[in-house]
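Here's the structure we're looking at; comments come further down.
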Protein chains: 2
Amino acid sequence: MSIKLYCDLMSQPSRTLYILLKTIKCDFETKLVDLRKGQHFSDEFTKINKIQRVPVIEHNGFILSESVAIVNYLSREGIIPDNLYPQDSKKRARVEEFLEWHHIGLRLPCSMYFRVKQLDPIITGKQPEAKTVAGYENRMLQSLDTFSTKWLNQGHNFLCGNTVTVADLFAACELEQPRMAGYDPKEHFPAIATWAKKVQQHFNPYYDEGHVIVNKVINKQKKMSSKI
Amino acid sequence: MSIKLYCDLMSQPSRTLYILLKTIKCDFETKLVDLRKGQHFSDEFTKINKIQRVPVIEHNGFILSESVAIVNYLSREGIIPDNLYPQDSKKRARVEEFLEWHHIGLRLPCSMYFRVKQLDPIITGKQPEAKTVAGYENRMLQSLDTFSTKWLNQGHNFLCGNTVTVADLFAACELEQPRMAGYDPKEHFPAIATWAKKVQQHFNPYYDEGHVIVNKVINKQKKMSSKI
């Protein structure tokens, strides 16, 4: 079996797949696609993914993009164990229900806040208007409130019951992104803090390994702001 | 077997499920949740879906939200036939790859254009700034261009090959939404027009039946604008 994972650990779903494959002791090859260097727009990578995004896997020559489609496929192929992504139809439906909600419900507001407040100013050299940032922050806070009160706080340890699933890992990796723009959801939502610690513990040491670059960026920002 | 579909045919994924279930001759009960009357925020519906959105299904007492999770579940349960949603792992992965991309890639820009240009002014009584509408229109056009050139135009009749799948129906229903804000993608992208006609033909008479309300809204708008 041969699996290649095209990824950049600055991308949330790239981290999810990297941590997941490491945790399940899958023998895979990491192929770095450096987003900051625009390598996802190269002719070489466009041949692999016409949509020019990471992550992508190549499994025995079969190329597939879209992180949720990838975990669905790897699960069907017997590569992701049942405890992390159940084959039982109803249990699996609960995991999928969250994964489908999370695209626009959680991923979009958290990643847009990071992008507008942190990434775009670096790329364009222009600072966003305070009103614009506040709008994105407000939408992120609404999303985090829904996540905290309606998906968590259901009397379970994890999103889909008392055992961890791929849904928890997808969500946790998304919630790391706004930390790079100075906002840590764990500091504002106690239910998120309690849950996130359990997810991190379950997937460690690979969770921390997958977030080395993210944490470096955050530490660099903290040092810079302490010098001002 | 008992299936209830909680839906409002103004909602794109509600239409997708309605048309799909009708096409496959599934015996189901339609439970209208009138979004314009805010019935999705009622206590009764909130017990069915804590996220307060349609569509939702109830299958022999099992309640599930999120349209893509619903088709995955119904397919596993043998209710959606293999030709519309293949069980073969690689063929299914291609359908899922599109469905996962479409949330933020297609659904979001098309529905936001409709919402900002048409729906929000009705709800709030305030007209949006021209610059705001232009921004949303630009993002929708980029999305439609990607859809037309990278997902269609691959030498196949449909999104995932030469036979129609649930991916085509999901996409077609999304592309009807901006028509209610005066923009018909079929009039601007020839590849979309050719493909959309084939999708409509395949799912008719139910495709047109699912779009009766949408088409009424559009005809009413046309009459009003011809009087100005």
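Chain labels run A, B, ... following the order of the structure tokens; each chain numbers its residues from 1, and ligands are numbered from 1 in the order shown.
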
Exercise for the section: Return as a PyMOL selection string the residues belonging to chain B that are within 9 Å of chain A, counting only C-alpha atoms. Expected result: chain B and resi 50-51+62+64-70+72-73+76-77+89-90+92-101+103-104+108+146+150-151

Exercise for the section: From region 69-166 of chain B, collect each residue whose DSSP state is alpha helix (DSSP H) and return the set as number ranges by chain. Expected result: B: 69-76, 89-102, 108-114, 120-124, 130-146, 166

Exercise for the section: Go through region 5-214 of chain B and collect every residue that DSSP, computed from the backbone, puts in strand (DSSP E); the answer should be as a PyMOL selection string. Expected result: chain B and resi 5-7+28-32+56-59+62-65

Please produce a file of those selected residues containing N, CA, C and O atoms, as a PDB file, in the first residue's frame.
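Output saved as selection_20.pdb:
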ATOM      1  N   LEU B   5     -39.909  14.059   5.505  1.00  0.00           N
ATOM      2  CA  LEU B   5     -38.938  15.069   5.061  1.00  0.00           C
ATOM      3  C   LEU B   5     -39.415  16.438   5.516  1.00  0.00           C
ATOM      4  O   LEU B   5     -40.450  16.926   5.047  1.00  0.00           O
ATOM      5  N   TYR B   6     -38.703  17.015   6.464  1.00  0.00           N
ATOM      6  CA  TYR B   6     -38.979  18.381   6.913  1.00  0.00           C
ATOM      7  C   TYR B   6     -38.259  19.322   5.956  1.00  0.00           C
ATOM      8  O   TYR B   6     -37.022  19.272   5.844  1.00  0.00           O
ATOM      9  N   CYS B   7     -39.029  20.156   5.282  1.00  0.00           N
ATOM     10  CA  CYS B   7     -38.393  20.969   4.241  1.00  0.00           C
ATOM     11  C   CYS B   7     -39.192  22.225   3.917  1.00  0.00           C
ATOM     12  O   CYS B   7     -40.338  22.379   4.346  1.00  0.00           O
ATOM     13  N   PHE B  28     -42.684   8.940   0.961  1.00  0.00           N
ATOM     14  CA  PHE B  28     -42.323   9.789   2.099  1.00  0.00           C
ATOM     15  C   PHE B  28     -43.392  10.842   2.337  1.00  0.00           C
ATOM     16  O   PHE B  28     -44.189  11.165   1.453  1.00  0.00           O
ATOM     17  N   GLU B  29     -43.364  11.360   3.568  1.00  0.00           N
ATOM     18  CA  GLU B  29     -44.332  12.378   3.959  1.00  0.00           C
ATOM     19  C   GLU B  29     -43.613  13.734   4.017  1.00  0.00           C
ATOM     20  O   GLU B  29     -42.561  13.843   4.658  1.00  0.00           O
ATOM     21  N   THR B  30     -44.149  14.728   3.331  1.00  0.00           N
ATOM     22  CA  THR B  30     -43.545  16.068   3.361  1.00  0.00           C
ATOM     23  C   THR B  30     -44.077  16.848   4.561  1.00  0.00           C
ATOM     24  O   THR B  30     -45.292  16.961   4.740  1.00  0.00           O
ATOM     25  N   LYS B  31     -43.164  17.344   5.394  1.00  0.00           N
ATOM     26  CA  LYS B  31     -43.561  18.168   6.540  1.00  0.00           C
ATOM     27  C   LYS B  31     -43.027  19.577   6.279  1.00  0.00           C
ATOM     28  O   LYS B  31     -41.809  19.819   6.390  1.00  0.00           O
ATOM     29  N   LEU B  32     -43.913  20.496   5.920  1.00  0.00           N
ATOM     30  CA  LEU B  32     -43.480  21.846   5.573  1.00  0.00           C
ATOM     31  C   LEU B  32     -43.013  22.621   6.813  1.00  0.00           C
ATOM     32  O   LEU B  32     -43.724  22.683   7.820  1.00  0.00           O
ATOM     33  N   VAL B  56     -34.453  18.139   7.113  1.00  0.00           N
ATOM     34  CA  VAL B  56     -34.224  17.103   8.127  1.00  0.00           C
ATOM     35  C   VAL B  56     -35.051  15.899   7.687  1.00  0.00           C
ATOM     36  O   VAL B  56     -36.126  16.082   7.119  1.00  0.00           O
ATOM     37  N   ILE B  57     -34.542  14.701   7.929  1.00  0.00           N
ATOM     38  CA  ILE B  57     -35.406  13.527   7.708  1.00  0.00           C
ATOM     39  C   ILE B  57     -35.636  12.799   9.023  1.00  0.00           C
ATOM     40  O   ILE B  57     -34.815  12.891   9.958  1.00  0.00           O
ATOM     41  N   GLU B  58     -36.755  12.101   9.062  1.00  0.00           N
ATOM     42  CA  GLU B  58     -37.012  11.166  10.148  1.00  0.00           C
ATOM     43  C   GLU B  58     -37.289   9.829   9.475  1.00  0.00           C
ATOM     44  O   GLU B  58     -38.238   9.705   8.701  1.00  0.00           O
ATOM     45  N   HIS B  59     -36.413   8.865   9.723  1.00  0.00           N
ATOM     46  CA  HIS B  59     -36.516   7.548   9.088  1.00  0.00           C
ATOM     47  C   HIS B  59     -36.739   6.505  10.175  1.00  0.00           C
ATOM     48  O   HIS B  59     -35.819   6.221  10.951  1.00  0.00           O
ATOM     49  N   PHE B  62     -35.516   7.728  13.402  1.00  0.00           N
ATOM     50  CA  PHE B  62     -34.133   8.258  13.435  1.00  0.00           C
ATOM     51  C   PHE B  62     -34.119   9.620  12.736  1.00  0.00           C
ATOM     52  O   PHE B  62     -34.431   9.723  11.547  1.00  0.00           O
ATOM     53  N   ILE B  63     -33.755  10.647  13.486  1.00  0.00           N
ATOM     54  CA  ILE B  63     -33.782  12.016  12.952  1.00  0.00           C
ATOM     55  C   ILE B  63     -32.372  12.434  12.532  1.00  0.00           C
ATOM     56  O   ILE B  63     -31.419  12.250  13.288  1.00  0.00           O
ATOM     57  N   LEU B  64     -32.263  13.013  11.341  1.00  0.00           N
ATOM     58  CA  LEU B  64     -30.941  13.404  10.826  1.00  0.00           C
ATOM     59  C   LEU B  64     -31.059  14.697  10.027  1.00  0.00           C
ATOM     60  O   LEU B  64     -31.960  14.853   9.201  1.00  0.00           O
ATOM     61  N   SER B  65     -30.109  15.611  10.271  1.00  0.00           N
ATOM     62  CA  SER B  65     -30.054  16.866   9.510  1.00  0.00           C
ATOM     63  C   SER B  65     -28.833  16.849   8.597  1.00  0.00           C
ATOM     64  O   SER B  65     -28.051  15.910   8.601  1.00  0.00           O
TER      65      SER B  65
END

Exercise for the section: Please identify all polymer residues within 7 Å of Gln12 (chain B), counting only C-alpha atoms, omitting same-chain residues fewer than 3 positions from it, and present them as a list in words. Expected result: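 Near neighbours after the sequence-gap exclusion: Arg15, Thr16, Cys173 and Glu174 of chain B.
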
Taking all heavy atoms for each residue, export the selection above as a PDB file, in the first residue's frame.
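Writing the result to again-v4.pdb gives the following:
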ATOM      1  N   ARG B  15     -34.995  21.220  -1.728  1.00  0.00           N
ATOM      2  CA  ARG B  15     -35.462  20.847  -3.069  1.00  0.00           C
ATOM      3  C   ARG B  15     -34.732  19.600  -3.569  1.00  0.00           C
ATOM      4  O   ARG B  15     -35.337  18.706  -4.163  1.00  0.00           O
ATOM      5  CB  ARG B  15     -35.239  22.010  -4.052  1.00  0.00           C
ATOM      6  CG  ARG B  15     -36.038  23.248  -3.738  1.00  0.00           C
ATOM      7  CD  ARG B  15     -36.091  24.196  -4.929  1.00  0.00           C
ATOM      8  NE  ARG B  15     -34.813  24.766  -5.313  1.00  0.00           N
ATOM      9  CZ  ARG B  15     -34.308  25.910  -4.836  1.00  0.00           C
ATOM     10  NH1 ARG B  15     -34.976  26.595  -3.917  1.00  0.00           N
ATOM     11  NH2 ARG B  15     -33.157  26.365  -5.263  1.00  0.00           N
ATOM     12  N   THR B  16     -33.411  19.561  -3.344  1.00  0.00           N
ATOM     13  CA  THR B  16     -32.620  18.401  -3.779  1.00  0.00           C
ATOM     14  C   THR B  16     -33.217  17.116  -3.219  1.00  0.00           C
ATOM     15  O   THR B  16     -33.443  16.146  -3.953  1.00  0.00           O
ATOM     16  CB  THR B  16     -31.154  18.540  -3.295  1.00  0.00           C
ATOM     17  OG1 THR B  16     -30.597  19.726  -3.855  1.00  0.00           O
ATOM     18  CG2 THR B  16     -30.313  17.346  -3.705  1.00  0.00           C
ATOM     19  N   CYS B 173     -29.687  22.479  -8.110  1.00  0.00           N
ATOM     20  CA  CYS B 173     -30.601  23.192  -7.192  1.00  0.00           C
ATOM     21  C   CYS B 173     -29.940  24.442  -6.608  1.00  0.00           C
ATOM     22  O   CYS B 173     -30.614  25.455  -6.394  1.00  0.00           O
ATOM     23  CB  CYS B 173     -31.083  22.256  -6.088  1.00  0.00           C
ATOM     24  SG  CYS B 173     -32.207  20.980  -6.694  1.00  0.00           S
ATOM     25  N   GLU B 174     -28.637  24.388  -6.351  1.00  0.00           N
ATOM     26  CA  GLU B 174     -27.940  25.594  -5.866  1.00  0.00           C
ATOM     27  C   GLU B 174     -27.974  26.699  -6.907  1.00  0.00           C
ATOM     28  O   GLU B 174     -28.148  27.871  -6.583  1.00  0.00           O
ATOM     29  CB  GLU B 174     -26.481  25.279  -5.508  1.00  0.00           C
ATOM     30  CG  GLU B 174     -26.280  24.385  -4.294  1.00  0.00           C
ATOM     31  CD  GLU B 174     -26.824  24.975  -2.998  1.00  0.00           C
ATOM     32  OE1 GLU B 174     -26.943  26.210  -2.905  1.00  0.00           O
ATOM     33  OE2 GLU B 174     -27.149  24.193  -2.089  1.00  0.00           O
TER      34      GLU B 174
END

Exercise for the section: Work out how far apart CA of Asn138 (chain A) and CA of His188 (chain A) are and give it in Å to one decimal. Expected result: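 We find that CA of Asn138 (chain A) and CA of His188 (chain A) lie 13.5 Å from each other.
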
Quick one: residues within 9 Å of Gly182 (chain A), only C-alpha atoms, excluding same-chain residues fewer than 6 positions away - as a PDB file with N, CA, C and O atoms, in the first residue's frame?
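To be explicit, this is the file written out as selection-v1.pdb:
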ATOM      1  N   PHE A 114      -9.194  34.595  10.702  1.00  0.00           N
ATOM      2  CA  PHE A 114      -7.729  34.507  10.590  1.00  0.00           C
ATOM      3  C   PHE A 114      -7.250  35.195   9.316  1.00  0.00           C
ATOM      4  O   PHE A 114      -6.282  35.964   9.326  1.00  0.00           O
ATOM      5  N   GLN A 118      -5.281  38.565   9.887  1.00  0.00           N
ATOM      6  CA  GLN A 118      -3.860  38.250   9.952  1.00  0.00           C
ATOM      7  C   GLN A 118      -3.205  38.035   8.584  1.00  0.00           C
ATOM      8  O   GLN A 118      -2.135  38.584   8.316  1.00  0.00           O
ATOM      9  N   ILE A 218       2.465  31.550  16.437  1.00  0.00           N
ATOM     10  CA  ILE A 218       1.846  32.226  17.586  1.00  0.00           C
ATOM     11  C   ILE A 218       2.915  32.749  18.550  1.00  0.00           C
ATOM     12  O   ILE A 218       2.838  33.893  19.014  1.00  0.00           O
ATOM     13  N   GLN A 221       4.544  35.804  17.144  1.00  0.00           N
ATOM     14  CA  GLN A 221       3.664  36.980  17.271  1.00  0.00           C
ATOM     15  C   GLN A 221       3.683  37.523  18.698  1.00  0.00           C
ATOM     16  O   GLN A 221       3.707  38.735  18.914  1.00  0.00           O
ATOM     17  N   LYS A 222       3.680  36.606  19.673  1.00  0.00           N
ATOM     18  CA  LYS A 222       3.683  37.032  21.082  1.00  0.00           C
ATOM     19  C   LYS A 222       4.961  37.788  21.413  1.00  0.00           C
ATOM     20  O   LYS A 222       4.942  38.808  22.096  1.00  0.00           O
TER      21      LYS A 222
END

Problem - Selection: 10 Å around Asn153 (chain A), only C-alpha atoms, excl. self and same-chain fewer than 4 positions, as an NGL selection string - result: :A and (147-149 or 157-159 or 191-192 or 195)
